[in-house]
Amino acid sequence: MKPKVRCGVDSGGWQNVKLIEAAIEDAAIPAQADAVLFHFTHDAMRSPAGLENIFKHVKPGGRVVSAGGKWAPWWALPVNIYMRRVARRYVTTFEGYGKPWSLLARYVPDVQVKSALFGAAYIAWGTALVPEADSTGGRD
């Protein structure tokens, strides 16, 4: 039996937050979310199937924020060496590490990005796409 881990959700008594432990592609999300936060989740940000699953459960117009590491500009080679050393423990792929947010454009067409830490980190934000109605009158 796994020991119960106390977290801010439990100790804070939050009733409007549900933690789900699952692969992003398989997560059974029980509700429509008002917002999504991707925080140092490079592998999730590079999974088209995972993003599809998440955004099926985001209300149109919901806020989306992503933050994490990325490659710094070419001239910051020491920073990139450090980032590779640190990130290799947490990511399974460096694919897309130059622009980890790039797959968000399908779901967040107004995505904006700001770099930090000599270009080795980013924060991206925007609004979830409001889907057009399909021919049956439902959502895409």
# chains A, B, ... in the order shown; residues from 1 in each chain; ligands from 1
$ residues_around --residues "Tyr97 of chain A" --least-positions-apart "4" --cutoff "8 Å" --atoms "only C-alpha atoms" --output "number ranges by chain"
A: 42, 69-71
$ select_by_dssp --residues "segment 19-135 of chain A" --states "alpha helix (DSSP H)" --output "ChimeraX atom specification"
/A:42-45,48-55,77-87
$ atom_distance --atom1 "atom CA of Asp34 of chain A" --atom2 "atom CA of Glu95 of chain A"
29.0 Å
$ atom_distance --atom1 "atom CA of Trp74 of chain A" --atom2 "atom CA of Tyr122 of chain A"
15.9 Å
$ residues_around --residues "segment 78-92 of chain A" --least-positions-apart "3" --cutoff "12 Å" --atoms "only C-alpha atoms" --output "JSON, numbers by chain"
{"A": [40, 41, 42, 43, 44, 45, 46, 47, 68, 69, 70, 71, 72, 73, 74, 75, 95, 96, 97, 98, 100, 116, 117, 118, 119, 120, 121]}
$ residues_around --residues "Phe38 of chain A" --least-positions-apart "4" --cutoff "8 Å" --atoms "only C-alpha atoms" --output "short mmCIF file (atom, residue, chain, number, x, y, z; two decimals) with all heavy atoms, in the first residue's frame"
data_model
loop_
_atom_site.label_atom_id
_atom_site.label_comp_id
_atom_site.auth_asym_id
_atom_site.auth_seq_id
_atom_site.Cartn_x
_atom_site.Cartn_y
_atom_site.Cartn_z
N MET A 45 4.62 18.63 -22.85
CA MET A 45 4.47 19.68 -23.87
C MET A 45 4.83 19.19 -25.27
O MET A 45 4.45 19.79 -26.26
CB MET A 45 5.36 20.88 -23.52
CG MET A 45 4.98 21.58 -22.25
SD MET A 45 3.41 22.42 -22.38
CE MET A 45 3.80 23.62 -23.62
N VAL A 65 -0.97 28.53 -19.19
CA VAL A 65 0.37 29.01 -18.87
C VAL A 65 1.32 27.82 -18.88
O VAL A 65 0.98 26.75 -18.37
CB VAL A 65 0.43 29.71 -17.49
CG1 VAL A 65 1.85 30.10 -17.14
CG2 VAL A 65 -0.49 30.91 -17.46
N SER A 66 2.47 28.01 -19.47
CA SER A 66 3.52 27.00 -19.47
C SER A 66 4.83 27.68 -19.09
O SER A 66 5.11 28.78 -19.55
CB SER A 66 3.64 26.37 -20.86
OG SER A 66 4.73 25.47 -20.89
N ALA A 67 5.62 27.01 -18.27
CA ALA A 67 6.93 27.53 -17.90
C ALA A 67 7.90 26.37 -17.79
O ALA A 67 7.50 25.26 -17.42
CB ALA A 67 6.85 28.27 -16.56
#
$ residues_around --residues "Gly61 of chain A" --least-positions-apart "3" --cutoff "9 Å" --atoms "only C-alpha atoms" --output "mmCIF file with N, CA, C and O atoms, in the first residue's frame"
data_model
loop_
_atom_site.group_PDB
_atom_site.id
_atom_site.type_symbol
_atom_site.label_atom_id
_atom_site.label_comp_id
_atom_site.auth_asym_id
_atom_site.auth_seq_id
_atom_site.Cartn_x
_atom_site.Cartn_y
_atom_site.Cartn_z
ATOM 1 N N ASP A 34 -10.995 25.546 -16.084
ATOM 2 C CA ASP A 34 -10.960 26.971 -16.431
ATOM 3 C C ASP A 34 -9.565 27.406 -16.853
ATOM 4 O O ASP A 34 -9.407 28.429 -17.510
ATOM 5 N N ALA A 35 -8.545 26.625 -16.450
ATOM 6 C CA ALA A 35 -7.166 27.004 -16.733
ATOM 7 C C ALA A 35 -6.281 25.765 -16.712
ATOM 8 O O ALA A 35 -6.643 24.739 -16.143
ATOM 9 N N VAL A 58 -10.559 21.559 -21.434
ATOM 10 C CA VAL A 58 -10.354 22.962 -21.079
ATOM 11 C C VAL A 58 -11.513 23.762 -21.672
ATOM 12 O O VAL A 58 -11.828 23.623 -22.853
ATOM 13 N N THR A 127 -4.744 32.095 -24.321
ATOM 14 C CA THR A 127 -6.123 31.689 -24.093
ATOM 15 C C THR A 127 -6.445 30.485 -24.970
ATOM 16 O O THR A 127 -6.113 30.467 -26.157
ATOM 17 N N ALA A 128 -7.108 29.479 -24.371
ATOM 18 C CA ALA A 128 -7.471 28.279 -25.114
ATOM 19 C C ALA A 128 -8.435 28.640 -26.244
ATOM 20 O O ALA A 128 -9.319 29.484 -26.091
ATOM 21 N N LEU A 129 -8.232 27.990 -27.354
ATOM 22 C CA LEU A 129 -9.041 28.193 -28.548
ATOM 23 C C LEU A 129 -10.516 27.968 -28.255
ATOM 24 O O LEU A 129 -10.889 27.026 -27.565
ATOM 25 N N VAL A 130 -11.339 28.837 -28.785
ATOM 26 C CA VAL A 130 -12.778 28.632 -28.725
ATOM 27 C C VAL A 130 -13.133 27.846 -29.978
ATOM 28 O O VAL A 130 -13.032 28.364 -31.092
#
$ select_by_dssp --residues "segment 63-130 of chain A" --states "strand (DSSP E or B)" --output "PyMOL selection string"
chain A and resi 63-69+112-116+121-127
$ residues_around --residues "Lys56 of chain A" --least-positions-apart "2" --cutoff "12 Å" --atoms "only C-alpha atoms" --output "ChimeraX atom specification"
/A:25,27-34,36,49-54,58-60,62,107,128-131,139-140
$ atom_distance --atom1 "atom CA of Leu77 of chain A" --atom2 "atom CA of Lys99 of chain A"
16.8 Å
